[in-house]
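Participant: Let me give you the structure first, and then I'll get to my questions.
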Amino acid sequence: MAILQMQRINIYALTKHCKSILEALQRMGVVEIEKLDVSDSIFYREDTGSLQASYKRNAATVKNASEILTSFVKYKKPLLSSLQGRKVLGKEDYYKQAEDYTRILNVAYGIIRDNKKIAESKAKLVALQSRLESLLPWQTLDVPLKSYSTASTTTFVGSFPEKLNLELILTELNSIAPDLSLYDIEIVSVDEHQTCIFAVCANSQAEDFSDALRKIGFILPIFSTSVSPMEAIEDIKEKIIKREKTIDEYKSRIIAQKDMLSSLQFFEDYFIMKAEQYEQVDNLTYSPHTFVMTGYIAQRDAQKLSDYLLKNFDAQVELEDATGEDVPVALSNNKFTEPVEGVLLSYSAPHRKELDPTGIMAIFYYVFFGMMFSDAGYGLVMSLGCAVAVLAFKNMESSLKRSLKMFFWCGISTLFWGLMFGSFFGDAVAVISNTFFGAQPPVIPGITTPIWFNPTEGAGPTKLLMFSFLLGIIHLFAGLLLQAVNYIRNGKWLYAIYDDLSWMLLVGGAVLALLSTEMLASMAGFRLSSVWLTIGGVMALIGAVLILFCSARNRNPFKRLIKGAYNLYGVTSYLSDILSYSRLLALGLATGVVAQVFNQLGSMFGSGVIGVIGFIVVFIIGHALNIGINALGAYVHTNRLQFVEFFGKFYEGGGREFKPYAVNTKYYNIKEDI
Amino acid sequence: MSGLFLAILGAAFATFMAGIGSSIGVGKAGVAAAGVLSEEPSLFSKVLILMLLPATQGIYGLLVAFLTLQAVGVIGEPVGDISVAKGALYLAASLPIAFSGLISAIHQGKCSVAGINTVSKKPDQMGKALIIPAMVETYAILALLISILAINGIKVLAI
């Protein structure tokens, strides 16, 4: 549990090694490079913006191609693939694969081009199909679909936008233009929405006839054909078949590239890595033959790196202890406490001069999680699941591995509290032996009978409530102690007395005094002798006086007293903080009782074969559900107790997390150890 | 009116009022979650967790109902007649989780919706997005605690 000592690292080397050094640093991932801004007559900076852009463009191209490929080819995804992590690639393999640069890029362009062709063909296909549909009503017409005239007649081809018959049309024409007579109308087709007609009229009456037709809704078709509609339809059908063939051709061309997926993914990673390398180049400063780089490195890695760089690249490395406000923060913890780092970092990285609270937090984290989840069976399932996953998938992402390790320890704690309270899948053993064997359950300490006490029976809840409050007070005091240590480390030991010891005296004294009164004694089940009332009272009084007169830092004595009184009023927040730990009891009971509900439900099918099957089904579904929802609840509320009650007492945070320049890929993990 | 009726009325209150609250809360969060998934299907597990946060009140209600039914002998071992006074006490004991569950689940749902929006824009801020709805749940937990303690106490009263 410590914040690592950071060192400033300056690397001086020849420009010809620049690329290799950057690549090596990226694979090692131990240095955070900072921008070095010196420019004078000798030193200058390089602008690689356009190179970065071209690498990013290439990355996007390859990504696009692999997305297209996955949309056409069904790749089998192994079960639990999300646990698998990235494939590990050695340095040599990496360089070997990278040689294929142009070939794979061409493959990618080819796939994108073919996909574009498919899209174009599909758009044309849609156009052809809609034309086909609009031609279908005309297929019985045996002349081309257009209006033309002879020496004495004019033809009209068009439609009415409603369902009509010949008689109706003729009557309407008659009523509009009774003088017309030299025409003939033929109905080509009728459906719900339109009536298509072909009409011939003498040239002398053509104009009047056209007007009359228009008045009853006649419209010309939006297209015309040079051949008869039937022939046009045949032609379009042929074209459609051809287009479909083309689409299939391009599709099979894409599918033929199905083995290229891993190469495409490799190059997506490769181009992203390259772009990131050039991003770092912007941070360096060059002279005609050398370059300078500056950044931060953890002290434990510093010497190894400088030896490596000297040996391989003749680089000069300068190291000094990092000071100043902007130094990033990296944590180092042991196997037991390290998994909780993620929770701490999700709140905020500690301030550089602060104590890393991970270690103390981890103990409380596991204990609280276990109490809220408190079932031996569930803890066992959780721990086993996490352990198997971590052992089976060696390449798992480190953040996921960290979470699983955390839940492994939470599971162990859950198992412990479950045995303490005698809960194993609720009261599963008792229900099974009562229902199926008609016998009293065997006495197995921890499984059927609690090792400590049963929190659901008799005075159990009150006892556990008191215990929860006790744990809460210890947790809060641990927070105050951490603040005191932080003060003392910075030489402000008086503040430790004013801000921390004072509250411990006040809260601790008040609790002792209350425990010797009738009111709390009946709940706690024991009563301290009345001496403690005096001792506790005096302690609380000293604490209160310290808070009232010393906790405020104002020079003005009047203001100081007012502020001190306000601080003293903060005792109410301690009350609510302590009461907040009652969730340890409530959530613990919730897990246990819901587990019992499912066991009861399962036992309702009786004791026959159907009973056994029913019980197993209800048991599996019910307990899986209970594990899911209550593990979520335990996780969230353990975090809350840490973030609000615990961190509220001392944690400043606001440190900048150490983010070393590293390989930041999706599919491949390319690593180089020093 | 028998005491048993009053006790079961209490169990019913606890179940359906907390259940209504959770339905509304999870429903609201579910709408937001589905919206996020249309853009970012990879966030499924994260938004699912946020969406499920207001589901707990319904379970707390169920829990209190179950304890009540067990205490009056409807399930498990029979306990004999329940006096009207005792039944009324059970009814009263169910009220904290009934009301607190109803209202806290609705408001927790709103916080979950906001958290889902946060996660959709900044998936790495999951920890903080999770803690905010959990603040609201505190009050459902306190109510649950009082309901459980009350039922436990009433069980041994000789009235």
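Identifiers in the structure tokens: chain A, B, ... in order shown; residue index from 1 per chain; ligand index from 1 in order shown.
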May I have the residues of chain A within 7 Å of chain B, counting only C-alpha atoms, written as a VMD selection string?
Facilitator: chain A and resid 346 to 347 461 583 586 590 593 to 594 636 to 637 640
Participant: Write out as number ranges by chain each polymer residue whose atoms come within 12 Å of region 511-520 of chain A, counting only C-alpha atoms; drop sequence neighbours fewer than 2 positions from it.
Facilitator: A: 462-463, 466, 469-470, 473, 503-509, 522-541, 574-575, 578
Participant: Set the distance at 8 Å and use only C-alpha atoms: which residues neighbour region 31-37 of chain B once local chain neighbours fewer than 6 positions away are removed? I'd like the list as a PyMOL selection string.
Facilitator: chain B and resi 43-44+47-48+51+113+116-117+120
Participant: Mind the document's chain letters and residue numbers, and return as a list in words the residues of region 216-452 of chain A that DSSP labels strand (DSSP E or B).
Facilitator: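 Residues meeting the strand (DSSP E or B) criterion: Ile219, Thr285, Tyr286, Thr290, Phe291, Val292, Met293, Thr294, Gly295, Tyr296, Ile297, Ala298, Gln316, Val317, Glu318, Leu319, Glu320, Asp321, Val329, Leu331, Ser332, Ala349, Phe424, Asp427, Pro445 and Thr449 of chain A.
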Participant: Please report the interatomic distance between CA of Asn664 (chain A) and CA of Lys91 (chain A) in Å with one decimal.
Facilitator: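 Taking CA of Asn664 (chain A) and CA of Lys91 (chain A), their separation equals 15.5 Å.
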Participant: Quick check, in Å to one decimal: how far apart do CA of Gly80 (chain B) and CA of Ala7 (chain B) lie?
Facilitator: 13.5 Å
Participant: When DSSP works through the backbone of this structure, what residues of region 406-597 of chain A end up as helix (DSSP H, G or I), shown as a ChimeraX atom specification?
Facilitator: /A:406-421,428-436,460-489,493-515,518-524,531-550,557-569,571-580,583-597
Participant: Have a look at CA of Lys215 (chain A) and CA of Ser159 (chain A) and let me know their distance in Å, one decimal.
Facilitator: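 According to the coordinates, CA of Lys215 (chain A) and CA of Ser159 (chain A) are separated by 12.6 Å.
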Participant: Which neighbours of Phe393 (chain A) fall inside 10 Å, counting only C-alpha atoms, when residues of the same chain fewer than 5 positions from it are skipped, and could you give them as a list in words?
Facilitator: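 Result of the neighbour search: Leu80, Ser81, Leu83, Gln84, Gly85, Val388 and Lys401 of chain A.
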